[in-house]
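Participant: Contents are mmCIF, C-alpha atoms and all ligand atoms; file name upload.cif:
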data_protein
#
loop_
_atom_site.label_atom_id
_atom_site.label_comp_id
_atom_site.auth_asym_id
_atom_site.auth_seq_id
_atom_site.Cartn_x
_atom_site.Cartn_y
_atom_site.Cartn_z
CA MET F 1 23.88 50.82 25.11
CA LYS F 2 26.95 53.04 25.19
CA ILE F 3 29.57 53.18 27.94
CA ALA F 4 32.62 55.44 28.13
CA LEU F 5 35.67 54.16 30.01
CA PHE F 6 38.12 56.72 31.40
CA PRO F 7 40.97 54.79 33.11
CA GLY F 8 43.04 57.87 34.07
CA ASP F 9 46.30 57.72 36.01
CA GLY F 10 48.29 55.50 38.37
CA ILE F 11 46.44 52.26 39.12
CA GLY F 12 43.45 53.48 37.06
CA PRO F 13 44.38 51.59 33.84
CA GLU F 14 45.25 48.37 35.73
CA ILE F 15 41.96 48.19 37.61
CA MET F 16 39.98 49.33 34.56
CA ASP F 17 41.40 46.36 32.60
CA GLU F 18 39.82 44.01 35.14
CA ALA F 19 36.46 45.83 35.05
CA ARG F 20 36.62 45.61 31.26
CA ARG F 21 37.13 41.84 31.41
CA VAL F 22 34.07 41.53 33.65
CA LEU F 23 32.07 43.70 31.27
CA ASP F 24 33.15 41.57 28.30
CA ALA F 25 32.20 38.38 30.15
CA LEU F 26 28.63 39.70 30.63
CA ASP F 27 28.37 39.92 26.84
CA LEU F 28 25.65 42.60 26.87
CA PRO F 29 23.70 42.73 23.61
CA GLY F 30 24.46 45.76 21.44
CA LEU F 31 26.92 47.32 23.86
CA VAL F 32 29.31 49.93 22.45
CA VAL F 33 32.36 50.88 24.53
CA PHE F 34 34.44 54.05 24.06
CA GLU F 35 37.70 54.77 25.80
CA GLY F 36 38.96 58.28 26.61
CA ASP F 37 41.76 60.13 28.36
CA VAL F 38 41.36 62.00 31.65
CA GLY F 39 43.75 63.38 34.25
CA GLY F 40 47.53 63.49 34.00
CA ILE F 41 47.64 61.19 31.01
CA ALA F 42 45.20 63.49 29.18
CA TYR F 43 47.34 66.50 30.06
CA LYS F 44 50.42 64.78 28.66
CA ARG F 45 48.68 63.72 25.45
CA HIS F 46 46.34 66.67 24.82
CA GLY F 47 47.51 69.52 27.05
CA HIS F 48 44.38 69.42 29.26
CA PRO F 49 43.14 67.06 32.02
CA LEU F 50 39.64 67.06 30.50
CA PRO F 51 39.97 67.34 26.70
CA GLU F 52 36.94 68.35 24.66
CA GLU F 53 36.84 64.97 22.92
CA THR F 54 36.62 63.20 26.32
CA LEU F 55 33.70 65.41 27.28
CA THR F 56 31.97 64.74 23.97
CA MET F 57 32.42 61.01 24.51
CA ALA F 58 30.90 61.26 28.02
CA ARG F 59 27.91 63.19 26.70
CA ALA F 60 27.25 60.56 24.04
CA ALA F 61 27.29 57.70 26.57
CA ASP F 62 24.59 56.26 28.85
CA GLY F 63 27.17 55.99 31.63
CA VAL F 64 30.83 56.69 32.35
CA LEU F 65 33.19 54.39 34.23
CA PHE F 66 36.01 56.44 35.74
CA GLY F 67 39.24 54.95 37.15
CA ALA F 68 41.22 57.49 39.14
CA VAL F 69 43.25 60.61 38.43
CA GLY F 70 46.30 62.09 40.12
CA ASP F 71 49.89 62.07 38.94
CA PRO F 72 52.86 63.25 41.03
CA GLU F 73 54.52 64.50 37.82
CA CYS F 74 51.67 67.02 37.48
CA ASP F 75 51.92 68.37 41.03
CA ASN F 76 53.49 71.65 39.95
CA LEU F 77 50.94 72.52 37.28
CA GLU F 78 48.53 75.43 37.71
CA ARG F 79 45.32 74.41 39.46
CA HIS F 80 43.14 74.33 36.32
CA LEU F 81 45.55 71.94 34.60
CA ARG F 82 45.86 69.52 37.54
CA PRO F 83 44.58 65.98 36.90
CA GLU F 84 41.96 66.25 39.69
CA GLN F 85 40.20 68.98 37.70
CA ALA F 86 38.93 66.25 35.38
CA ILE F 87 36.51 64.95 38.03
CA LEU F 88 35.25 68.38 39.03
CA GLY F 89 34.94 69.34 35.36
CA LEU F 90 32.97 66.22 34.47
CA ARG F 91 30.64 66.66 37.47
CA ALA F 92 29.95 70.27 36.52
CA GLU F 93 29.65 69.77 32.76
CA LEU F 94 27.45 66.71 33.04
CA GLY F 95 25.24 68.12 35.82
CA LEU F 96 25.99 65.26 38.21
CA PHE F 97 24.26 66.29 41.44
CA ALA F 98 23.64 63.02 43.27
CA ASN F 99 26.50 61.13 44.86
CA LEU F 100 25.69 57.56 45.84
CA ARG F 101 28.06 55.74 48.16
CA PRO F 102 27.14 52.26 49.27
CA ALA F 103 28.94 50.88 52.32
CA THR F 104 28.48 47.19 52.98
CA THR F 105 30.50 44.87 55.15
CA PHE F 106 31.44 41.74 53.23
CA ALA F 107 31.19 38.37 54.95
CA GLY F 108 34.55 37.40 56.40
CA LEU F 109 35.87 40.96 56.46
CA GLU F 110 34.30 42.16 59.72
CA ASP F 111 37.77 42.42 61.24
CA MET F 112 38.78 45.14 58.74
CA SER F 113 36.25 47.54 60.20
CA ALA F 114 37.08 50.26 62.70
CA LEU F 115 34.06 48.95 64.64
CA LYS F 116 33.58 45.78 66.62
CA PRO F 117 33.00 42.84 64.24
CA GLU F 118 29.50 42.11 65.55
CA ILE F 119 28.47 45.71 64.86
CA ALA F 120 30.36 45.92 61.55
CA ARG F 121 28.51 42.84 60.31
CA GLU F 122 25.22 44.83 60.22
CA ILE F 123 26.39 47.59 57.89
CA ASP F 124 24.53 47.81 54.62
CA VAL F 125 23.86 51.46 53.97
CA LEU F 126 23.65 53.67 50.91
CA ILE F 127 24.46 57.32 51.43
CA VAL F 128 22.90 59.67 48.90
CA ARG F 129 24.74 62.98 49.08
CA GLU F 130 23.68 66.13 47.23
CA LEU F 131 26.71 67.38 45.25
CA ASN F 132 25.91 70.74 43.69
CA GLY F 133 24.64 72.93 46.51
CA ASP F 134 25.16 73.82 50.18
CA VAL F 135 28.06 75.79 51.68
CA TYR F 136 30.47 74.64 48.97
CA PHE F 137 28.64 76.67 46.33
CA GLY F 138 27.07 79.53 48.28
CA GLU F 139 28.41 83.05 48.44
CA LYS F 140 31.77 82.97 50.16
CA GLY F 141 34.51 85.36 51.06
CA MET F 142 36.73 87.01 53.58
CA ARG F 143 35.86 90.37 55.08
CA GLU F 144 36.88 92.64 57.88
CA THR F 145 34.57 93.19 60.81
CA ALA F 146 33.96 96.60 62.43
CA ASN F 147 36.65 95.95 65.02
CA GLY F 148 39.22 95.04 62.36
CA GLU F 149 39.09 91.26 62.71
CA ARG F 150 39.21 88.99 59.65
CA GLU F 151 35.95 87.08 59.11
CA GLY F 152 35.44 84.19 56.68
CA TYR F 153 31.96 83.20 55.52
CA ASP F 154 30.28 80.56 53.36
CA LEU F 155 26.57 80.81 52.78
CA MET F 156 24.53 77.63 53.19
CA SER F 157 21.51 77.54 50.92
CA TYR F 158 19.30 75.07 49.10
CA ALA F 159 16.60 75.80 46.57
CA GLU F 160 13.45 73.70 46.71
CA SER F 161 14.14 72.21 43.27
CA GLU F 162 17.62 71.12 44.36
CA VAL F 163 16.20 69.26 47.35
CA ARG F 164 13.36 67.73 45.36
CA ARG F 165 15.59 66.22 42.67
CA ILE F 166 17.95 64.59 45.19
CA ALA F 167 14.93 63.39 47.18
CA HIS F 168 13.60 61.55 44.13
CA VAL F 169 16.98 59.87 43.59
CA ALA F 170 17.02 58.72 47.22
CA PHE F 171 13.43 57.46 47.29
CA ARG F 172 14.01 55.54 44.06
CA ALA F 173 17.19 54.03 45.51
CA ALA F 174 15.22 52.92 48.59
CA GLN F 175 12.66 51.24 46.30
CA GLY F 176 15.45 49.02 45.01
CA ARG F 177 16.66 48.19 48.53
CA LYS F 178 14.93 47.71 51.89
CA HIS F 179 12.38 50.50 51.45
CA ARG F 180 13.71 52.64 54.31
CA LEU F 181 14.93 56.21 53.91
CA CYS F 182 16.46 58.36 56.63
CA SER F 183 16.82 62.06 55.83
CA VAL F 184 19.64 63.69 57.78
CA ASP F 185 19.57 67.40 58.53
CA LYS F 186 19.96 69.95 61.31
CA ALA F 187 16.39 71.24 61.26
CA ASN F 188 16.49 72.22 64.94
CA VAL F 189 18.90 75.06 64.08
CA LEU F 190 19.12 75.65 60.32
CA GLU F 191 16.51 77.25 58.05
CA THR F 192 18.10 75.41 55.12
CA SER F 193 17.38 72.16 56.92
CA GLN F 194 13.80 73.15 57.67
CA LEU F 195 13.17 73.59 53.95
CA TRP F 196 15.07 70.37 53.26
CA ARG F 197 12.81 68.48 55.66
CA ASP F 198 9.59 70.03 54.28
CA VAL F 199 10.50 69.14 50.69
CA ILE F 200 11.51 65.59 51.64
CA ILE F 201 8.12 65.13 53.35
CA GLU F 202 6.29 66.55 50.31
CA THR F 203 8.20 64.22 47.98
CA ALA F 204 7.41 61.22 50.20
CA ALA F 205 3.80 61.43 49.03
CA ASP F 206 4.95 59.94 45.70
CA TYR F 207 6.53 56.96 47.48
CA PRO F 208 3.97 55.62 49.99
CA GLU F 209 5.77 52.27 50.21
CA ILE F 210 8.95 53.85 51.59
CA GLU F 211 9.30 54.21 55.36
CA LEU F 212 10.68 57.72 55.92
CA SER F 213 12.47 58.94 59.05
CA HIS F 214 14.42 62.08 59.96
CA MET F 215 17.53 62.45 62.05
CA TYR F 216 19.72 65.34 63.12
CA VAL F 217 23.23 65.03 61.73
CA ASP F 218 24.98 64.89 65.11
CA ASN F 219 22.79 61.98 66.15
CA ALA F 220 23.28 60.32 62.73
CA ALA F 221 27.05 60.39 63.25
CA MET F 222 26.58 58.62 66.58
CA GLN F 223 24.04 56.10 65.30
CA LEU F 224 26.26 55.20 62.34
CA VAL F 225 28.87 53.79 64.70
CA LYS F 226 26.51 52.65 67.46
CA LYS F 227 23.83 50.82 65.49
CA PRO F 228 24.61 51.06 61.75
CA GLY F 229 22.21 48.22 60.93
CA GLN F 230 19.23 50.56 61.44
CA PHE F 231 20.05 52.41 58.19
CA ASP F 232 19.10 51.43 54.65
CA VAL F 233 19.31 54.63 52.57
CA ILE F 234 20.44 57.99 54.00
CA VAL F 235 19.81 61.20 52.07
CA THR F 236 21.58 64.39 53.07
CA GLY F 237 23.12 67.65 51.88
CA ASN F 238 26.58 68.20 50.49
CA LEU F 239 28.45 69.05 53.72
CA PHE F 240 26.83 66.50 56.02
CA GLY F 241 27.12 63.89 53.26
CA ASP F 242 30.80 64.55 52.73
CA ILE F 243 31.52 63.77 56.36
CA LEU F 244 29.05 60.93 56.91
CA SER F 245 30.08 59.07 53.75
CA ASP F 246 33.74 59.04 54.78
CA GLN F 247 32.71 57.91 58.25
CA ALA F 248 30.62 55.08 56.76
CA SER F 249 33.61 53.97 54.61
CA MET F 250 35.79 53.52 57.64
CA CYS F 251 33.03 51.56 59.36
CA VAL F 252 33.44 49.06 56.51
CA GLY F 253 37.21 49.00 56.27
CA SER F 254 39.30 48.84 53.17
CA ILE F 255 39.49 51.56 50.57
CA GLY F 256 39.88 49.02 47.75
CA LEU F 257 36.28 47.79 48.07
CA LEU F 258 34.17 50.94 47.93
CA ALA F 259 32.40 52.20 44.83
CA SER F 260 30.50 55.39 44.15
CA ALA F 261 28.17 56.93 41.61
CA ALA F 262 27.44 60.51 40.59
CA LEU F 263 24.08 60.74 38.87
CA GLY F 264 22.57 63.51 36.79
CA GLU F 265 19.05 64.37 35.75
CA ARG F 266 19.32 63.08 32.20
CA GLN F 267 17.37 59.90 31.63
CA THR F 268 18.81 57.58 29.03
CA GLU F 269 16.91 54.89 27.19
CA PHE F 270 17.88 52.44 29.96
CA GLY F 271 18.16 54.43 33.18
CA THR F 272 19.80 57.55 34.61
CA PHE F 273 23.00 58.96 33.18
CA GLY F 274 25.85 58.80 35.67
CA MET F 275 29.56 58.51 36.30
CA TYR F 276 30.91 55.67 38.46
CA GLU F 277 34.24 55.41 40.23
CA PRO F 278 36.05 53.83 43.16
CA ILE F 279 36.34 56.13 46.19
CA HIS F 280 40.12 55.68 46.28
CA GLY F 281 42.63 57.66 44.24
CA SER F 282 45.36 56.77 41.73
CA ALA F 283 47.62 55.19 44.40
CA PRO F 284 50.94 56.22 42.77
CA ASP F 285 52.83 54.27 45.46
CA ILE F 286 51.70 50.93 43.99
CA ALA F 287 50.97 51.93 40.37
CA GLY F 288 52.30 49.66 37.62
CA GLN F 289 53.07 46.83 40.02
CA GLY F 290 49.94 44.73 39.58
CA LYS F 291 49.14 45.09 43.28
CA ALA F 292 46.00 47.23 43.22
CA ASN F 293 42.70 45.70 44.27
CA PRO F 294 40.30 46.09 41.32
CA MET F 295 37.19 45.23 43.35
CA ALA F 296 36.06 48.83 43.95
CA MET F 297 36.35 49.40 40.20
CA ILE F 298 34.39 46.24 39.43
CA LEU F 299 31.73 47.23 41.99
CA SER F 300 31.54 50.65 40.31
CA LEU F 301 30.78 48.82 37.08
CA ALA F 302 27.96 47.01 38.90
CA MET F 303 26.50 50.38 39.91
CA LEU F 304 26.69 51.54 36.29
CA LEU F 305 24.83 48.42 35.18
CA ARG F 306 22.15 49.06 37.81
CA HIS F 307 21.56 52.79 37.46
CA SER F 308 22.53 53.71 33.89
CA LEU F 309 21.82 50.53 31.94
CA GLY F 310 18.86 49.15 33.90
CA ARG F 311 20.59 45.76 34.25
CA GLU F 312 19.82 45.00 37.90
CA ASP F 313 20.30 41.25 37.43
CA ASP F 314 23.76 41.70 35.96
CA ALA F 315 24.67 44.18 38.70
CA VAL F 316 23.71 41.66 41.37
CA ARG F 317 25.66 38.91 39.58
CA VAL F 318 28.80 41.04 39.58
CA GLU F 319 28.34 42.05 43.22
CA ASN F 320 27.79 38.44 44.25
CA ALA F 321 30.91 37.33 42.37
CA VAL F 322 33.00 39.90 44.25
CA ALA F 323 31.44 38.96 47.60
CA LYS F 324 32.05 35.26 46.93
CA ALA F 325 35.70 35.86 46.02
CA LEU F 326 36.17 37.74 49.31
CA GLU F 327 34.39 35.04 51.25
CA ASP F 328 36.70 32.48 49.64
CA GLY F 329 39.69 34.43 50.96
CA VAL F 330 40.82 36.17 47.78
CA LEU F 331 42.31 39.22 49.47
CA GLY F 332 44.39 42.02 47.94
CA GLY F 333 47.23 43.88 49.60
CA ASP F 334 44.83 46.51 50.95
CA LEU F 335 43.23 43.70 53.01
CA GLY F 336 46.54 42.24 54.09
CA GLY F 337 46.38 39.43 51.53
CA PRO F 338 48.72 38.29 48.75
CA ALA F 339 46.39 38.46 45.70
CA GLY F 340 47.41 40.76 42.84
CA THR F 341 45.23 42.73 40.42
CA ARG F 342 45.00 40.08 37.70
CA GLU F 343 44.52 37.25 40.18
CA ILE F 344 41.61 39.07 41.81
CA GLY F 345 40.11 39.76 38.37
CA ASP F 346 40.43 36.05 37.52
CA ALA F 347 38.80 35.07 40.81
CA VAL F 348 35.82 37.38 40.22
CA LEU F 349 35.43 36.16 36.62
CA ALA F 350 35.53 32.52 37.72
CA ARG F 351 32.67 33.15 40.19
CA LEU F 352 30.70 35.19 37.69
P1 LIG Z 1 44.80 56.97 47.32
O1 LIG Z 1 43.42 56.54 47.53
O2 LIG Z 1 45.29 57.01 45.92
O3 LIG Z 1 45.79 56.03 48.16
C1 LIG Z 1 45.76 55.93 49.58
C2 LIG Z 1 46.43 54.60 50.02
O4 LIG Z 1 45.56 53.52 49.71
C3 LIG Z 1 47.73 54.32 49.28
O5 LIG Z 1 48.62 53.69 50.14
C4 LIG Z 1 47.32 53.35 48.18
O6 LIG Z 1 48.35 52.48 47.80
C5 LIG Z 1 46.17 52.60 48.83
N1 LIG Z 1 45.17 52.19 47.84
C6 LIG Z 1 44.27 53.00 47.18
N2 LIG Z 1 43.54 52.29 46.34
C7 LIG Z 1 43.94 51.01 46.45
C8 LIG Z 1 43.54 49.79 45.80
N3 LIG Z 1 42.56 49.75 44.86
N4 LIG Z 1 44.18 48.65 46.14
C9 LIG Z 1 45.16 48.65 47.08
N5 LIG Z 1 45.57 49.76 47.73
C10 LIG Z 1 44.97 50.94 47.40
O7 LIG Z 1 44.93 58.43 47.99
P2 LIG Z 1 46.17 59.42 48.00
O8 LIG Z 1 47.45 58.68 48.13
O9 LIG Z 1 45.83 60.44 48.99
O10 LIG Z 1 46.14 60.15 46.58
C11 LIG Z 1 46.91 59.75 45.45
C12 LIG Z 1 46.48 60.56 44.24
O11 LIG Z 1 45.11 60.24 43.91
C13 LIG Z 1 46.51 62.06 44.47
O12 LIG Z 1 46.97 62.65 43.28
C14 LIG Z 1 45.07 62.42 44.73
O13 LIG Z 1 44.77 63.75 44.38
C15 LIG Z 1 44.36 61.45 43.83
N6 LIG Z 1 42.97 61.16 44.22
C16 LIG Z 1 42.09 60.95 43.21
C17 LIG Z 1 40.79 60.58 43.48
C18 LIG Z 1 39.92 60.29 42.31
O14 LIG Z 1 40.39 60.10 41.20
N7 LIG Z 1 38.63 60.20 42.53
C19 LIG Z 1 40.30 60.45 44.84
C20 LIG Z 1 41.32 60.59 45.86
C21 LIG Z 1 42.60 60.96 45.53
MG MG Z 2 35.37 63.46 51.49
#
Take the structure in the file and write it out as structure tokens.

Facilitator:
Amino acid sequence: MKIALFPGDGIGPEIMDEARRVLDALDLPGLVVFEGDVGGIAYKRHGHPLPEETLTMARAADGVLFGAVGDPECDNLERHLRPEQAILGLRAELGLFANLRPATTFAGLEDMSALKPEIAREIDVLIVRELNGDVYFGEKGMRETANGEREGYDLMSYAESEVRRIAHVAFRAAQGRKHRLCSVDKANVLETSQLWRDVIIETAADYPEIELSHMYVDNAAMQLVKKPGQFDVIVTGNLFGDILSDQASMCVGSIGLLASAALGERQTEFGTFGMYEPIHGSAPDIAGQGKANPMAMILSLAMLLRHSLGREDDAVRVENAVAKALEDGVLGGDLGGPAGTREIGDAVLARL
């Protein structure tokens, strides 16, 4: 098994150190770990936020664990040299089309949610967002209409194959959870959504044990705050997924607890190749102070174990250790507590 670690900028290296300690404690047989530069640090060392050798390392790995990128000292660089280009570059180069964002309320943290605690308590949803299609990648431009007005346009489109491959990822994810999948679209108005829905229904034939439902996106946004407990896995397109996944994060609460995965099509010997990272950024305001909460990073490692290395048992062990630490009141600054990065890492390791 091969893993590439890309700590990146700001709090990235601090939180990656804690994930690394958890990984070492698992003592996986035959594991090889590479470490590479991405983001501002890569620009400073190699002149590019995504050096060729980093890309080569990612391609050789079964999974990539990514910290965060973003460095205020790089703010004036041209766009293609900005640290954030490393993420976009890796997604494109590695063909990562499926974004998985779990949102779960941890016991004892219901008060952190933007929702009422008794509603927040129910949340345990995985949003599977398509990453390579939709309005973000369709034909776009600015033109002048006949009456001389400016008109902007972005074409929404999905090819059958693009829907089918994300559908398989979502159905497989539901198999490992509560066997419920809700496909979110806008099929009452959009042709793109009609095709989306047809292909999801066709794909469902391969997964008879999964209970499939469909919901329009406007209703899904309401249901996510009204009765979030009804959802297990949600699959949706790039635009709807962008919005719903951020909404789901805030239903849970702190930014320091949420992990994400970007999966590709390539199957490794152990699972699906993917890149895993916390949803937060490099937090320059607290970098180098030992204050960052490493839990989102550690939970990203758990996702890597699950999806790319086929180590479900180890993933669950890591997730349980984090949940137990939270339940025992080990809270970082993002949750209004006093625990620092190393202390939180120690607490998770002790429970592991
Ligand atoms: P941010 O997520 O880095 O920080 C937002 C706020 O949350 C800050 O107050 C920060 O201190 C706090 N925070 C974030 N993670 C935390 C953690 N683990 N523990 C405790 N507190 C935490 O977002 P911001 O400030 O908008 O962006 C900072 C830099 O990060 C920018 O350069 C941005 O482009 C980059 N960024 C990178 C991402 C990535 O690498 N995937 C994602 C989002 C932003
Ligand atoms: Mg977003």

Participant: Compile the contact shell of stretch 79-91 of chain F as number ranges by chain: residues with an atom at most 8 Å away, counting only C-alpha atoms, same-chain residues fewer than 4 positions apart removed.

Facilitator: F: 38-40, 43, 48-50, 55, 69-71, 74-75, 95-97, 262

Participant: Taking C-alpha atoms for each residue, export the selection above as a PDB file, in the coordinates of the input.

Facilitator:
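What follows is the written file result10.pdb:
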ATOM      1  CA  VAL F  38      41.360  62.000  31.650  1.00  0.00           C
ATOM      2  CA  GLY F  39      43.750  63.380  34.250  1.00  0.00           C
ATOM      3  CA  GLY F  40      47.530  63.490  34.000  1.00  0.00           C
ATOM      4  CA  TYR F  43      47.340  66.500  30.060  1.00  0.00           C
ATOM      5  CA  HIS F  48      44.380  69.420  29.260  1.00  0.00           C
ATOM      6  CA  PRO F  49      43.140  67.060  32.020  1.00  0.00           C
ATOM      7  CA  LEU F  50      39.640  67.060  30.500  1.00  0.00           C
ATOM      8  CA  LEU F  55      33.700  65.410  27.280  1.00  0.00           C
ATOM      9  CA  VAL F  69      43.250  60.610  38.430  1.00  0.00           C
ATOM     10  CA  GLY F  70      46.300  62.090  40.120  1.00  0.00           C
ATOM     11  CA  ASP F  71      49.890  62.070  38.940  1.00  0.00           C
ATOM     12  CA  CYS F  74      51.670  67.020  37.480  1.00  0.00           C
ATOM     13  CA  ASP F  75      51.920  68.370  41.030  1.00  0.00           C
ATOM     14  CA  GLY F  95      25.240  68.120  35.820  1.00  0.00           C
ATOM     15  CA  LEU F  96      25.990  65.260  38.210  1.00  0.00           C
ATOM     16  CA  PHE F  97      24.260  66.290  41.440  1.00  0.00           C
ATOM     17  CA  ALA F 262      27.440  60.510  40.590  1.00  0.00           C
TER      18      ALA F 262
END

Participant: Determine the nearest neighbour of F:Leu331 from the options F:Ala98, F:Ala174, F:Val318, F:Met112, counting all atoms listed in the file.

Facilitator: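 Once distances to F:Leu331 are computed over all atoms listed in the file, the minimum belongs to F:Met112.
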
Participant: Set the distance at 7 Å and use all atoms listed in the file: which residues neighbour stretch 222-231 of chain F once local chain neighbours fewer than 6 positions away are removed? I'd like the list as JSON, numbers by chain.

Facilitator: {"F": [119, 122, 123, 124, 125]}

Participant: Taking only C-alpha atoms and all ligand atoms into account, name the residue in F:Glu312, F:Asp246, F:Glu93, F:Glu53 that is nearest to ligand LIG 1 (chain Z).

Facilitator: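 Result for the nearest residue to ligand LIG 1 (chain Z): F:Asp246.
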
Participant: Work out how far atom CA of F:Leu352 is from atom CA of F:Ser282, in Å to one decimal.

Facilitator: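 Interatomic distance here is 26.4 Å.
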
Participant: Taking the partial coordinates given, rebuild stretch 10-23 of chain F to contain N, CA and C atoms; return it as a PDB file, in the coordinates of the input.

Facilitator:
ATOM      1  N   GLY F  10      47.866  56.410  37.299  1.00  0.00           N
ATOM      2  CA  GLY F  10      48.290  55.500  38.370  1.00  0.00           C
ATOM      3  C   GLY F  10      47.713  54.105  38.184  1.00  0.00           C
ATOM      4  N   ILE F  11      47.018  53.605  39.209  1.00  0.00           N
ATOM      5  CA  ILE F  11      46.440  52.260  39.120  1.00  0.00           C
ATOM      6  C   ILE F  11      45.175  52.232  38.263  1.00  0.00           C
ATOM      7  N   GLY F  12      44.691  53.402  37.839  1.00  0.00           N
ATOM      8  CA  GLY F  12      43.450  53.480  37.060  1.00  0.00           C
ATOM      9  C   GLY F  12      43.401  52.486  35.893  1.00  0.00           C
ATOM     10  N   PRO F  13      44.417  52.519  34.988  1.00  0.00           N
ATOM     11  CA  PRO F  13      44.380  51.590  33.840  1.00  0.00           C
ATOM     12  C   PRO F  13      44.412  50.113  34.249  1.00  0.00           C
ATOM     13  N   GLU F  14      45.155  49.785  35.300  1.00  0.00           N
ATOM     14  CA  GLU F  14      45.250  48.370  35.730  1.00  0.00           C
ATOM     15  C   GLU F  14      43.898  47.862  36.227  1.00  0.00           C
ATOM     16  N   ILE F  15      43.231  48.653  37.051  1.00  0.00           N
ATOM     17  CA  ILE F  15      41.960  48.190  37.610  1.00  0.00           C
ATOM     18  C   ILE F  15      40.851  48.269  36.563  1.00  0.00           C
ATOM     19  N   MET F  16      40.980  49.229  35.638  1.00  0.00           N
ATOM     20  CA  MET F  16      39.980  49.330  34.560  1.00  0.00           C
ATOM     21  C   MET F  16      40.045  48.098  33.657  1.00  0.00           C
ATOM     22  N   ASP F  17      41.263  47.581  33.416  1.00  0.00           N
ATOM     23  CA  ASP F  17      41.400  46.360  32.600  1.00  0.00           C
ATOM     24  C   ASP F  17      40.573  45.228  33.181  1.00  0.00           C
ATOM     25  N   GLU F  18      40.570  45.101  34.503  1.00  0.00           N
ATOM     26  CA  GLU F  18      39.820  44.010  35.140  1.00  0.00           C
ATOM     27  C   GLU F  18      38.309  44.253  35.025  1.00  0.00           C
ATOM     28  N   ALA F  19      37.894  45.507  35.202  1.00  0.00           N
ATOM     29  CA  ALA F  19      36.460  45.830  35.050  1.00  0.00           C
ATOM     30  C   ALA F  19      36.037  45.537  33.609  1.00  0.00           C
ATOM     31  N   ARG F  20      36.917  45.833  32.673  1.00  0.00           N
ATOM     32  CA  ARG F  20      36.620  45.610  31.260  1.00  0.00           C
ATOM     33  C   ARG F  20      36.436  44.108  30.983  1.00  0.00           C
ATOM     34  N   ARG F  21      37.263  43.294  31.612  1.00  0.00           N
ATOM     35  CA  ARG F  21      37.130  41.840  31.410  1.00  0.00           C
ATOM     36  C   ARG F  21      35.793  41.347  31.951  1.00  0.00           C
ATOM     37  N   VAL F  22      35.371  41.902  33.093  1.00  0.00           N
ATOM     38  CA  VAL F  22      34.070  41.530  33.650  1.00  0.00           C
ATOM     39  C   VAL F  22      32.949  41.956  32.708  1.00  0.00           C
ATOM     40  N   LEU F  23      33.071  43.176  32.204  1.00  0.00           N
ATOM     41  CA  LEU F  23      32.070  43.700  31.270  1.00  0.00           C
ATOM     42  C   LEU F  23      31.985  42.802  30.025  1.00  0.00           C
TER      43      LEU F  23
END
